[in-house]
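Trainee: The file below is model22.txt, compact mmCIF, C-alpha atoms (C1' of nucleotides):
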```txt
# COMPACT_ATOMS: atom_id res chain seq x y z
CA MET A 1 255.87 212.82 135.39
CA LEU A 2 252.13 212.58 135.48
CA LEU A 3 252.35 210.83 138.81
CA LEU A 4 254.70 213.49 140.07
CA SER A 5 252.26 216.16 138.97
CA ILE A 6 249.44 214.54 140.86
CA LEU A 7 251.66 214.26 143.87
CA TRP A 8 252.50 217.94 143.67
CA TYR A 9 248.82 218.66 143.43
CA TYR A 10 247.91 216.89 146.64
CA ILE A 11 250.87 218.34 148.49
CA GLY A 12 249.75 221.74 147.30
CA MET A 13 246.22 221.08 148.50
CA ALA A 14 247.44 219.99 151.91
CA ILE A 15 250.02 222.68 152.61
CA ASN A 16 248.53 225.89 151.32
CA HIS A 17 245.11 226.94 150.12
CA TYR A 18 245.91 228.44 146.79
CA HIS A 19 243.76 225.73 145.28
CA HIS A 20 240.24 226.96 145.33
CA GLY A 21 237.65 224.56 146.65
CA ASP A 22 235.24 224.87 143.79
CA LEU A 23 236.57 227.51 141.48
CA LYS A 24 234.22 226.60 138.66
CA ASN A 25 231.06 227.36 140.61
CA ALA A 26 232.68 230.32 142.34
CA LEU A 27 233.33 231.82 138.90
CA ILE A 28 229.74 231.26 137.83
CA ALA A 29 228.44 232.88 141.01
CA ALA A 30 230.79 235.84 140.65
CA GLY A 31 229.72 236.17 137.03
CA LEU A 32 226.07 236.40 138.05
CA GLU A 33 226.96 239.07 140.60
CA ILE A 34 228.85 241.22 138.11
CA LEU A 35 226.12 240.70 135.55
CA SER A 36 223.58 241.99 138.04
CA GLU A 37 225.71 244.97 139.03
CA SER A 38 227.13 246.16 135.73
CA GLY A 39 225.15 244.42 133.03
CA ILE A 40 226.31 242.34 130.16
CA GLU A 41 228.80 244.93 128.91
CA GLY A 42 230.59 245.00 132.23
CA LEU A 43 231.05 241.26 132.43
CA SER A 44 234.66 240.44 131.64
CA LEU A 45 236.57 237.28 132.31
CA ARG A 46 239.26 239.24 134.10
CA LYS A 47 236.79 240.90 136.45
CA VAL A 48 235.21 237.57 137.31
CA ALA A 49 238.60 236.08 138.10
CA LYS A 50 239.57 239.11 140.16
CA ARG A 51 236.37 238.96 142.21
CA VAL A 52 237.04 235.33 143.07
CA GLY A 53 240.60 236.27 143.97
CA VAL A 54 242.37 234.24 141.37
CA SER A 55 244.67 235.07 138.47
CA HIS A 56 242.99 236.14 135.24
CA THR A 57 244.10 232.98 133.48
CA ALA A 58 242.82 230.57 136.10
CA PRO A 59 239.31 230.36 134.56
CA TYR A 60 240.84 228.63 131.55
CA ASN A 61 241.31 225.55 133.65
CA HIS A 62 237.56 225.21 133.92
CA PHE A 63 236.19 226.90 130.83
CA ALA A 64 237.49 226.66 127.29
CA ASP A 65 236.88 230.36 126.71
CA LYS A 66 234.66 233.26 127.71
CA GLN A 67 231.75 231.81 125.74
CA ALA A 68 231.87 228.66 127.83
CA LEU A 69 231.68 230.64 131.05
CA LEU A 70 228.78 232.67 129.68
CA ALA A 71 227.03 229.45 128.74
CA ALA A 72 227.45 228.15 132.29
CA ILE A 73 226.15 231.38 133.82
CA SER A 74 223.25 231.32 131.41
CA THR A 75 222.44 227.76 132.37
CA VAL A 76 222.22 228.65 136.05
CA ALA A 77 219.98 231.59 135.16
CA HIS A 78 217.67 229.26 133.26
CA GLN A 79 217.46 227.05 136.32
CA GLN A 80 216.52 230.07 138.40
CA LEU A 81 213.77 230.95 135.96
CA TYR A 82 212.55 227.38 136.05
CA GLU A 83 212.09 227.52 139.79
CA ILE A 84 210.24 230.82 139.58
CA LEU A 85 207.92 229.55 136.87
CA LEU A 86 207.27 226.36 138.76
CA ALA A 87 206.50 228.24 141.97
CA ALA A 88 204.15 230.61 140.14
CA PHE A 89 202.42 227.68 138.49
CA GLN A 90 201.93 225.80 141.75
CA GLN A 91 200.68 228.92 143.48
CA HIS A 92 198.10 229.81 140.84
CA ARG A 93 197.13 226.58 139.14
CA GLU A 94 194.07 226.12 141.33
CA SER A 95 192.98 229.62 142.24
CA SER A 96 193.73 231.94 139.37
CA PRO A 97 191.38 232.46 136.45
CA LYS A 98 194.35 233.62 134.36
CA ILE A 99 197.24 231.29 134.97
CA ILE A 100 199.02 232.35 131.81
CA PHE A 101 199.02 235.96 132.91
CA GLU A 102 200.51 235.03 136.27
CA ILE A 103 203.28 233.10 134.55
CA ALA A 104 203.98 235.96 132.16
CA TRP A 105 203.99 238.44 135.01
CA ALA A 106 206.43 236.31 137.00
CA THR A 107 208.70 236.16 133.96
CA LEU A 108 208.52 239.91 133.46
CA GLN A 109 209.44 240.49 137.08
CA PHE A 110 212.31 238.03 136.79
CA ALA A 111 213.56 240.02 133.79
CA MET A 112 213.18 243.45 135.38
CA GLU A 113 214.80 242.32 138.60
CA ASP A 114 218.04 241.62 136.74
CA PRO A 115 217.99 242.77 133.13
CA GLY A 116 221.57 241.72 132.46
CA ARG A 117 220.80 238.17 133.47
CA TYR A 118 217.72 238.00 131.26
CA LYS A 119 219.58 239.49 128.31
CA LEU A 120 222.40 237.02 128.66
CA MET A 121 219.91 234.14 128.73
CA PHE A 122 218.28 235.09 125.46
CA SER A 123 220.52 237.55 123.64
CA HIS A 124 222.56 234.64 122.69
CA VAL A 125 225.99 235.96 123.14
CA LEU A 126 226.52 232.25 122.67
CA GLU A 127 227.11 231.88 118.99
CA GLU A 128 227.05 228.13 118.94
CA GLU A 129 224.76 226.96 121.67
CA ILE A 130 224.84 223.52 120.13
CA TYR A 131 228.15 222.99 121.89
CA TYR A 132 226.65 223.50 125.33
CA PRO A 133 224.42 220.51 126.03
CA GLU A 134 223.70 221.49 129.63
CA PHE A 135 222.46 224.85 128.46
CA ILE A 136 220.17 223.26 125.90
CA GLU A 137 218.88 220.77 128.44
CA THR A 138 217.95 223.45 130.96
CA TRP A 139 216.40 225.59 128.26
CA ARG A 140 214.28 222.66 127.10
CA LYS A 141 213.11 222.04 130.65
CA ASN A 142 211.63 225.52 130.65
CA ILE A 143 209.91 224.96 127.32
CA MET A 144 208.44 221.72 128.60
CA LEU A 145 207.15 223.41 131.73
CA LEU A 146 205.52 226.08 129.60
CA GLU A 147 203.83 223.42 127.52
CA GLU A 148 202.59 221.71 130.66
CA ILE A 149 201.16 225.00 131.90
CA ILE A 150 199.44 225.60 128.59
CA GLN A 151 197.93 222.15 128.62
CA CYS A 152 196.61 222.83 132.11
CA CYS A 153 195.06 226.09 130.91
CA GLN A 154 193.43 224.30 128.02
CA GLU A 155 191.90 221.74 130.34
CA LYS A 156 190.52 224.52 132.51
CA GLY A 157 189.10 226.24 129.45
CA GLN A 158 191.33 229.28 129.97
CA LEU A 159 192.97 228.77 126.61
CA LEU A 160 191.75 227.58 123.22
CA LYS A 161 192.42 223.99 122.26
CA GLY A 162 194.99 223.30 119.58
CA ASP A 163 198.58 222.22 119.02
CA VAL A 164 200.28 222.79 122.36
CA GLU A 165 203.69 223.44 120.85
CA MET A 166 202.41 226.11 118.49
CA ILE A 167 200.49 227.81 121.27
CA ALA A 168 203.57 227.69 123.46
CA LEU A 169 205.51 229.34 120.67
CA LYS A 170 202.87 232.01 120.33
CA VAL A 171 202.66 232.78 124.04
CA TRP A 172 206.39 232.74 124.41
CA SER A 173 206.97 235.04 121.43
CA SER A 174 204.51 237.59 122.78
CA VAL A 175 205.83 237.60 126.29
CA HIS A 176 209.48 237.57 125.28
CA GLY A 177 208.91 240.29 122.69
CA PHE A 178 207.15 242.47 125.20
CA ILE A 179 209.85 241.93 127.80
CA CYS A 180 212.51 242.89 125.26
CA LEU A 181 210.72 246.13 124.49
CA ALA A 182 210.20 246.91 128.17
CA LEU A 183 213.78 246.05 129.06
CA GLU A 184 215.24 248.22 126.34
CA ARG A 185 212.85 251.01 127.18
CA GLN A 186 211.54 250.98 123.66
CA LEU A 187 207.91 251.32 124.61
CA PRO A 188 206.69 254.68 123.30
CA GLN A 189 205.89 257.15 126.03
CA GLU A 190 202.26 257.47 124.87
CA TYR A 191 201.78 253.80 125.62
CA LEU A 192 203.26 254.14 129.07
CA ASP A 193 201.00 257.10 129.79
CA LYS A 194 197.94 255.04 128.99
CA GLN A 195 198.70 251.79 130.73
CA ASP A 196 201.05 250.44 133.31
CA LEU A 197 203.24 247.47 132.58
CA GLN A 198 200.76 245.05 134.03
CA GLY A 199 197.94 246.42 131.88
CA MET A 200 200.07 246.26 128.76
CA LEU A 201 201.14 242.71 129.49
CA LYS A 202 197.50 241.76 129.89
CA ALA A 203 196.68 243.31 126.54
CA VAL A 204 199.61 241.56 124.89
CA ILE A 205 198.65 238.07 125.98
CA ALA A 206 194.89 238.64 125.74
CA MET B 1 244.00 281.93 116.36
CA LEU B 2 240.55 280.66 115.51
CA LEU B 3 240.77 282.55 112.24
CA LEU B 4 244.18 281.07 111.62
CA SER B 5 242.80 277.58 112.27
CA ILE B 6 240.05 278.09 109.75
CA LEU B 7 242.57 279.36 107.26
CA TRP B 8 244.67 276.28 107.78
CA TYR B 9 241.61 274.18 107.27
CA TYR B 10 240.79 275.61 103.87
CA ILE B 11 244.41 275.50 102.77
CA GLY B 12 244.44 271.88 103.86
CA MET B 13 241.27 271.19 101.91
CA ALA B 14 242.70 272.81 98.79
CA ILE B 15 246.17 271.35 98.79
CA ASN B 16 245.76 267.78 99.86
CA HIS B 17 242.83 265.46 100.33
CA TYR B 18 243.46 264.16 103.77
CA HIS B 19 240.20 265.79 104.71
CA HIS B 20 237.50 263.33 103.98
CA GLY B 21 234.52 264.60 102.06
CA ASP B 22 231.87 263.25 104.34
CA LEU B 23 233.59 261.21 106.96
CA LYS B 24 230.55 261.04 109.19
CA ASN B 25 228.42 259.20 106.67
CA ALA B 26 231.36 257.15 105.45
CA LEU B 27 231.79 255.88 109.00
CA ILE B 28 228.13 254.97 109.27
CA ALA B 29 228.26 253.11 105.96
CA ALA B 30 231.42 251.25 106.92
CA GLY B 31 229.83 250.39 110.24
CA LEU B 32 226.84 248.83 108.49
CA GLU B 33 229.20 246.80 106.30
CA ILE B 34 231.19 245.44 109.22
CA LEU B 35 228.00 244.77 111.11
CA SER B 36 226.73 242.71 108.21
CA GLU B 37 229.99 240.82 107.81
CA SER B 38 231.02 240.13 111.37
CA GLY B 39 228.03 240.85 113.54
CA ILE B 40 227.66 243.11 116.49
CA GLU B 41 230.62 241.60 118.34
CA GLY B 42 232.95 242.35 115.47
CA LEU B 43 231.99 246.00 115.22
CA SER B 44 234.76 248.09 116.73
CA LEU B 45 235.41 251.77 116.35
CA ARG B 46 238.95 251.07 115.24
CA LYS B 47 237.86 248.69 112.48
CA VAL B 48 235.34 251.19 111.18
CA ALA B 49 237.99 253.91 111.05
CA LYS B 50 240.44 251.57 109.36
CA ARG B 51 237.95 250.59 106.68
CA VAL B 52 237.34 254.22 105.83
CA GLY B 53 241.09 254.76 105.75
CA VAL B 54 241.38 257.19 108.58
CA SER B 55 243.15 257.15 111.93
CA HIS B 56 241.38 255.39 114.76
CA THR B 57 240.80 258.66 116.60
CA ALA B 58 239.27 260.50 113.66
CA PRO B 59 235.70 259.31 114.43
CA TYR B 60 235.78 261.35 117.63
CA ASN B 61 235.47 264.49 115.52
CA HIS B 62 232.01 263.37 114.46
CA PHE B 63 230.80 261.16 117.27
CA ALA B 64 231.12 261.71 120.99
CA ASP B 65 231.87 258.05 121.57
CA LYS B 66 231.19 254.56 120.27
CA GLN B 67 227.60 254.70 121.50
CA ALA B 68 226.94 257.76 119.36
CA LEU B 69 228.20 255.99 116.25
CA LEU B 70 226.09 252.94 117.07
CA ALA B 71 223.07 255.22 117.48
CA ALA B 72 223.70 256.72 114.05
CA ILE B 73 224.10 253.32 112.42
CA SER B 74 220.96 252.15 114.16
CA THR B 75 219.07 255.17 112.90
CA VAL B 76 219.98 254.43 109.29
CA ALA B 77 218.92 250.83 109.82
CA HIS B 78 215.53 251.98 111.07
CA GLN B 79 215.13 254.08 107.96
CA GLN B 80 215.89 251.03 105.85
CA LEU B 81 213.24 249.05 107.70
CA TYR B 82 210.79 251.89 107.20
CA GLU B 83 211.23 251.74 103.47
CA ILE B 84 210.78 248.00 103.42
CA LEU B 85 207.64 248.15 105.52
CA LEU B 86 206.23 250.93 103.39
CA ALA B 87 206.94 249.02 100.19
CA ALA B 88 205.34 245.87 101.58
CA PHE B 89 202.31 247.83 102.71
CA GLN B 90 201.84 249.50 99.34
CA GLN B 91 202.26 246.23 97.53
CA HIS B 92 199.73 244.29 99.59
CA ARG B 93 197.27 246.84 100.93
CA GLU B 94 194.77 246.19 98.13
CA SER B 95 195.34 242.60 97.14
CA SER B 96 196.30 240.61 100.19
CA PRO B 97 193.80 239.08 102.57
CA LYS B 98 196.46 239.05 105.28
CA ILE B 99 198.28 242.34 105.20
CA ILE B 100 199.65 241.91 108.70
CA PHE B 101 201.26 238.63 107.79
CA GLU B 102 202.97 240.21 104.78
CA ILE B 103 204.34 242.98 106.96
CA ALA B 104 205.54 240.53 109.56
CA TRP B 105 207.11 238.36 106.88
CA ALA B 106 208.91 241.33 105.37
CA THR B 107 210.27 242.23 108.79
CA LEU B 108 211.42 238.67 109.40
CA GLN B 109 213.24 238.65 106.08
CA PHE B 110 214.82 242.00 106.88
CA ALA B 111 216.07 240.53 110.15
CA MET B 112 217.37 237.29 108.65
CA GLU B 113 219.09 239.08 105.80
CA ASP B 114 221.33 240.88 108.27
CA PRO B 115 220.97 239.64 111.85
CA GLY B 116 223.65 241.96 113.21
CA ARG B 117 221.81 244.99 111.91
CA TYR B 118 218.51 243.87 113.41
CA LYS B 119 220.12 243.07 116.75
CA LEU B 120 221.78 246.46 116.90
CA MET B 121 218.47 248.16 116.19
CA PHE B 122 216.66 246.52 119.07
CA SER B 123 219.22 245.00 121.43
CA HIS B 124 219.75 248.43 122.74
CA VAL B 125 223.43 248.57 123.01
CA LEU B 126 222.41 252.20 123.44
CA GLU B 127 222.01 252.60 127.14
CA GLU B 128 220.47 256.02 127.04
CA GLU B 129 218.57 256.35 123.82
CA ILE B 130 217.01 259.47 125.21
CA TYR B 131 220.14 261.32 124.16
CA TYR B 132 219.73 260.43 120.50
CA PRO B 133 216.72 262.35 119.21
CA GLU B 134 217.23 261.33 115.58
CA PHE B 135 217.12 257.70 116.60
CA ILE B 136 213.91 258.18 118.56
CA GLU B 137 212.33 260.09 115.71
CA THR B 138 213.06 257.37 113.16
CA TRP B 139 211.92 254.70 115.55
CA ARG B 140 208.64 256.55 116.10
CA LYS B 141 208.11 256.81 112.35
CA ASN B 142 208.11 253.03 112.20
CA ILE B 143 205.63 252.74 115.06
CA MET B 144 203.34 255.23 113.36
CA LEU B 145 203.49 253.29 110.11
CA LEU B 146 202.60 250.11 111.95
CA GLU B 147 199.62 251.82 113.53
CA GLU B 148 198.51 253.05 110.12
CA ILE B 149 198.74 249.54 108.76
CA ILE B 150 196.73 248.17 111.66
CA GLN B 151 194.06 250.78 111.16
CA CYS B 152 193.86 249.80 107.50
CA CYS B 153 193.46 246.14 108.49
CA GLN B 154 190.70 247.03 110.90
CA GLU B 155 188.83 248.91 108.19
CA LYS B 156 189.12 245.92 105.91
CA GLY B 157 187.85 243.66 108.66
CA GLN B 158 191.13 241.73 108.76
CA LEU B 159 191.69 242.69 112.38
CA LEU B 160 189.43 243.20 115.37
CA LYS B 161 188.45 246.74 116.29
CA GLY B 162 189.96 248.22 119.42
CA ASP B 163 192.62 250.57 120.69
CA VAL B 164 195.10 250.82 117.82
CA GLU B 165 198.10 251.46 120.02
CA MET B 166 197.46 248.41 122.17
CA ILE B 167 196.98 246.23 119.13
CA ALA B 168 200.17 247.62 117.62
CA LEU B 169 201.95 246.72 120.84
CA LYS B 170 200.54 243.23 120.72
CA VAL B 171 201.43 242.60 117.08
CA TRP B 172 204.86 244.08 117.50
CA SER B 173 205.62 242.06 120.63
CA SER B 174 204.68 238.82 118.91
CA VAL B 175 206.62 239.47 115.75
CA HIS B 176 209.67 240.85 117.50
CA GLY B 177 209.65 238.03 120.02
CA PHE B 178 209.43 235.43 117.29
CA ILE B 179 212.22 237.08 115.30
CA CYS B 180 214.44 237.11 118.39
CA LEU B 181 213.91 233.41 118.89
CA ALA B 182 214.53 232.65 115.23
CA LEU B 183 217.62 234.85 115.08
CA GLU B 184 219.18 233.33 118.14
CA ARG B 185 218.29 229.84 116.94
CA GLN B 186 216.35 229.21 120.10
CA LEU B 187 213.42 227.54 118.43
CA PRO B 188 213.35 223.93 119.58
CA GLN B 189 214.13 221.46 116.86
CA GLU B 190 210.77 219.72 117.24
CA TYR B 191 209.06 222.94 116.25
CA LEU B 192 211.27 223.36 113.20
CA ASP B 193 210.52 219.80 112.14
CA LYS B 194 206.82 220.46 112.20
CA GLN B 195 206.60 223.81 110.51
CA ASP B 196 208.75 226.09 108.41
CA LEU B 197 209.41 229.65 109.49
CA GLN B 198 206.54 230.98 107.44
CA GLY B 199 204.10 228.55 108.99
CA MET B 200 205.29 229.38 112.48
CA LEU B 201 205.03 233.09 111.86
CA LYS B 202 201.48 232.60 110.66
CA ALA B 203 200.64 230.70 113.82
CA VAL B 204 202.26 233.35 115.98
CA ILE B 205 200.27 236.26 114.57
CA ALA B 206 197.06 234.30 114.02
C1' DA C 1 245.88 218.80 138.26
C1' DC C 2 245.61 223.36 138.92
C1' DC C 3 247.36 227.99 139.08
C1' DT C 4 250.53 232.09 137.91
C1' DG C 5 252.89 235.83 135.21
C1' DA C 6 254.66 237.50 131.10
C1' DA C 7 253.37 238.31 126.52
C1' DC C 8 250.47 239.40 122.41
C1' DA C 9 247.00 241.46 119.76
C1' DC C 10 243.11 243.88 120.31
C1' DC C 11 239.87 247.48 122.47
C1' DG C 12 237.78 252.67 123.71
C1' DT C 13 239.21 257.09 124.96
C1' DT C 14 242.21 261.30 125.96
C1' DC C 15 245.32 264.72 124.59
C1' DA C 16 248.97 267.46 122.71
C1' DA C 17 250.42 268.32 118.19
C1' DG C 18 250.01 269.04 113.30
C1' DT C 19 247.78 271.22 108.90
C1' DA D 1 237.93 272.68 111.73
C1' DC D 2 239.60 268.39 111.20
C1' DC D 3 242.97 264.78 111.60
C1' DT D 4 247.16 262.15 113.56
C1' DG D 5 250.14 259.46 116.85
C1' DA D 6 251.52 258.42 121.30
C1' DA D 7 249.70 257.00 125.54
C1' DC D 8 246.65 254.74 129.01
C1' DA D 9 243.76 251.39 130.97
C1' DC D 10 241.30 247.67 129.72
C1' DC D 11 240.21 243.29 127.06
C1' DG D 12 240.58 237.69 125.62
C1' DT D 13 243.83 234.22 124.88
C1' DT D 14 248.30 231.49 124.73
C1' DC D 15 252.16 229.45 126.85
C1' DA D 16 256.08 228.29 129.57
C1' DA D 17 256.77 227.84 134.31
C1' DG D 18 255.67 226.85 139.09
C1' DT D 19 253.55 223.80 143.01
```
Hey, can you dump this file as structure tokens for me?
Mentor:
Amino acid sequence: MLLLSILWYYIGMAINHYHHGDLKNALIAAGLEILSESGIEGLSLRKVAKRVGVSHTAPYNHFADKQALLAAISTVAHQQLYEILLAAFQQHRESSPKIIFEIAWATLQFAMEDPGRYKLMFSHVLEEEIYYPEFIETWRKNIMLLEEIIQCCQEKGQLLKGDVEMIALKVWSSVHGFICLALERQLPQEYLDKQDLQGMLKAVIA
Amino acid sequence: MLLLSILWYYIGMAINHYHHGDLKNALIAAGLEILSESGIEGLSLRKVAKRVGVSHTAPYNHFADKQALLAAISTVAHQQLYEILLAAFQQHRESSPKIIFEIAWATLQFAMEDPGRYKLMFSHVLEEEIYYPEFIETWRKNIMLLEEIIQCCQEKGQLLKGDVEMIALKVWSSVHGFICLALERQLPQEYLDKQDLQGMLKAVIA
DNA sequence: ACCTGAACACCGTTCAAGT
DNA sequence: ACCTGAACACCGTTCAAGT
């Protein structure tokens, strides 16, 4: 019966096109689109399936549940951030006197450009990230890059010496905390009157 | 007919008790309970109503929609944080050599004690906080207290002089960012091996 | 192997009706 | 004024059935 099933599968593939070429990645891409358009609240499994043009139960062939899809979307988003950070680093590592600021600024722009994406990445809708090794791996890649950047800054004398990991934690906490506040529009108006975002970010990571 | 309605109301009040004494606050309290038990995902309007023992449409007499209830719950949570911060400040303002650390530590404990509550307060499920003046007011009270604390630290020489609001922003970003990471368990394991939470917090606000 | 459709238990919200 | 119950459109998830 297994053999028969496989047979049916290939016949299906050959005759009609109801089998999607790469449904898994199509779902992830559609998820990112919806996330960008309607935010994290508007991201439902059924909408994602509908956008791809597939029944609302089809995703369960590729993802155990909604969490698993969110984890996959989040992983891709982390990869996108990695590329942006790397590009910013390569662009400024020689010229800029404040590499860390450039990195922070690039991250802030990445967040503002698509708040839903950023929130998904860090708001941990994922309750048990431990079950998503790819997510963890990509996340760690970003941490490692940050540590590399910090080490570079230390060598250039742009940052104090000291335990790289603790400094990474410190920088990351500040930048992430500030982005959260900016994203949720929780910066008091008086602050906004005084400084623009760029000025505030500078103050935060000073 | 309005008069008749009011008459009915008071007769209803007198005869039976299906009118809740203070449904509005009962809903807020129940919301905080559910939030604490099942997190922000588990907090539904229908569950809150059920816990209070009222029909699932009853909340609409006191709150325009779910957002409005969340705003009210969030406001109460901010008041709770205010009291904790104030208590910590009063306890340590004379004795401690690191007042800011004590405040940050108290906040971290407040967050860990009830992650759902903290997330609701800052994750801005509220899209348009501008429409909830009570929320804004309570939130501002906390900012003002933080600024007062910072000023006190400056006078004691525990903190550098400078624009109080910008320093408040900086401190708050660091602490909030660190709490987010801790809450979402996004601190790399290597970091946790090296330091405990208290040590990391110290490093972050150093 | 991969997809569908019916079904279930849950949501937020509206609205006419009751007291 | 305040509350209820039916109704609607939306969820996530399961499962037997199709190809």
Trainee: Which residue is closest to D:DT13? Choose from A:Lys119, A:His56, A:Lys141, A:Lys98 and count only C-alpha atoms (C1' of nucleotides).
Mentor: A:His56
Trainee: Quick one: of A:Ile143, A:Leu108, A:Leu23, A:Ala29, who's nearest to A:Gly177, counting all atoms listed in the file?
Mentor: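 Smallest distance to A:Gly177 is found for A:Leu108.
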Trainee: Determine which residues of chain A sit within 7 Å of chain B, taking into account only C-alpha atoms, and present them as a PyMOL selection string.
Mentor: chain A and resi 124+166+169-170+173-174+176-178+184+203-204
Trainee: Can you list, as a tab-separated table (two decimals) with C-alpha atoms (C1' of nucleotides), in the frame of the given file, every protein, DNA or RNA residue that comes within 8 Å of stretch 5-11 of chain C when you count only C-alpha atoms (C1' of nucleotides), leaving out same-chain residues fewer than 4 positions away?
Mentor:
```tsv
chain	number	residue	atom	x	y	z
B	44	SER	CA	234.76	248.09	116.73
D	10	DC	C1'	241.30	247.67	129.72
D	11	DC	C1'	240.21	243.29	127.06
```
Trainee: Mind checking which residues fall within 10 Å of B:Ala106, counting only C-alpha atoms (C1' of nucleotides), ignoring those fewer than 6 positions away in the same chain, and posting them as a PDB file with C-alpha atoms, in the coordinates of the input?
Mentor:
```
ATOM      1  CA  LEU B  81     213.240 249.050 107.700  1.00  0.00           C
ATOM      2  CA  ILE B  84     210.780 248.000 103.420  1.00  0.00           C
ATOM      3  CA  LEU B  85     207.640 248.150 105.520  1.00  0.00           C
ATOM      4  CA  ALA B  87     206.940 249.020 100.190  1.00  0.00           C
ATOM      5  CA  ALA B  88     205.340 245.870 101.580  1.00  0.00           C
ATOM      6  CA  PHE B  89     202.310 247.830 102.710  1.00  0.00           C
ATOM      7  CA  ILE B 100     199.650 241.910 108.700  1.00  0.00           C
ATOM      8  CA  MET B 112     217.370 237.290 108.650  1.00  0.00           C
TER       9      MET B 112
END
```
Trainee: Can you list, as an MDAnalysis selection string, every protein, DNA or RNA residue that comes within 8 Å of B:Phe135 when you count only C-alpha atoms (C1' of nucleotides), leaving out same-chain residues fewer than 3 positions away?
Mentor: chainID B and resid 71:72 74:75 129 132 138:139
Trainee: Can you work out which one of A:Val48, A:Leu70, A:Val54, A:Leu35 has the shortest atom-to-atom distance to chain C, counting all atoms listed in the file?
Mentor: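 So, comparing all the options, the nearest one is A:Val54.
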Trainee: Residues of chain C within 9 Å of chain A: nearest atom pair and distance (Å, one decimal) for each, counting all atoms listed in the file, sorted by chain and number, as a Markdown table?
Mentor:
```
| residue | atom | partner | partner_atom | distance |
| --- | --- | --- | --- | --- |
| C:DA1 | C1' | A:Tyr9 | CA | 5.9 |
| C:DC2 | C1' | A:His19 | CA | 7.0 |
| C:DC3 | C1' | A:Ala58 | CA | 6.0 |
| C:DT4 | C1' | A:Ser55 | CA | 6.6 |
| C:DG5 | C1' | A:Ser55 | CA | 8.9 |
```
Trainee: Distance atom CA of B:Gln154-atom CA of B:Gln90, one decimal place?
Mentor: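 Going from atom CA of B:Gln154 over to atom CA of B:Gln90 covers 16.2 Å.
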Trainee: Quote the spacing between atom CA of A:Gly162 and atom CA of B:Gln151 in Å to one decimal place.
Mentor: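 Interatomic distance here is 28.8 Å.
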Trainee: Atom CA of A:Phe63 to atom CA of A:Lys24: how many Å, to one decimal?
Mentor: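 That distance, rounded to one decimal, is 8.1 Å.
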Trainee: May I have the centre and edge lengths, in Å to one decimal, of an axis-aligned box around the listed atoms of stretch 6-11 of chain D with 6 Å added to every side, as JSON?
Mentor:
```
{"center_x": 245.9, "center_y": 250.9, "center_z": 126.1, "size_x": 23.3, "size_y": 27.1, "size_z": 21.7}
```
Trainee: Using only C-alpha atoms (C1' of nucleotides), give me every residue within 10 Å of (230.2, 234.9, 139.6) in file coordinates, as a PyMOL selection string.
Mentor: chain A and resi 23-36+43+45+47-49+51-52+69+73
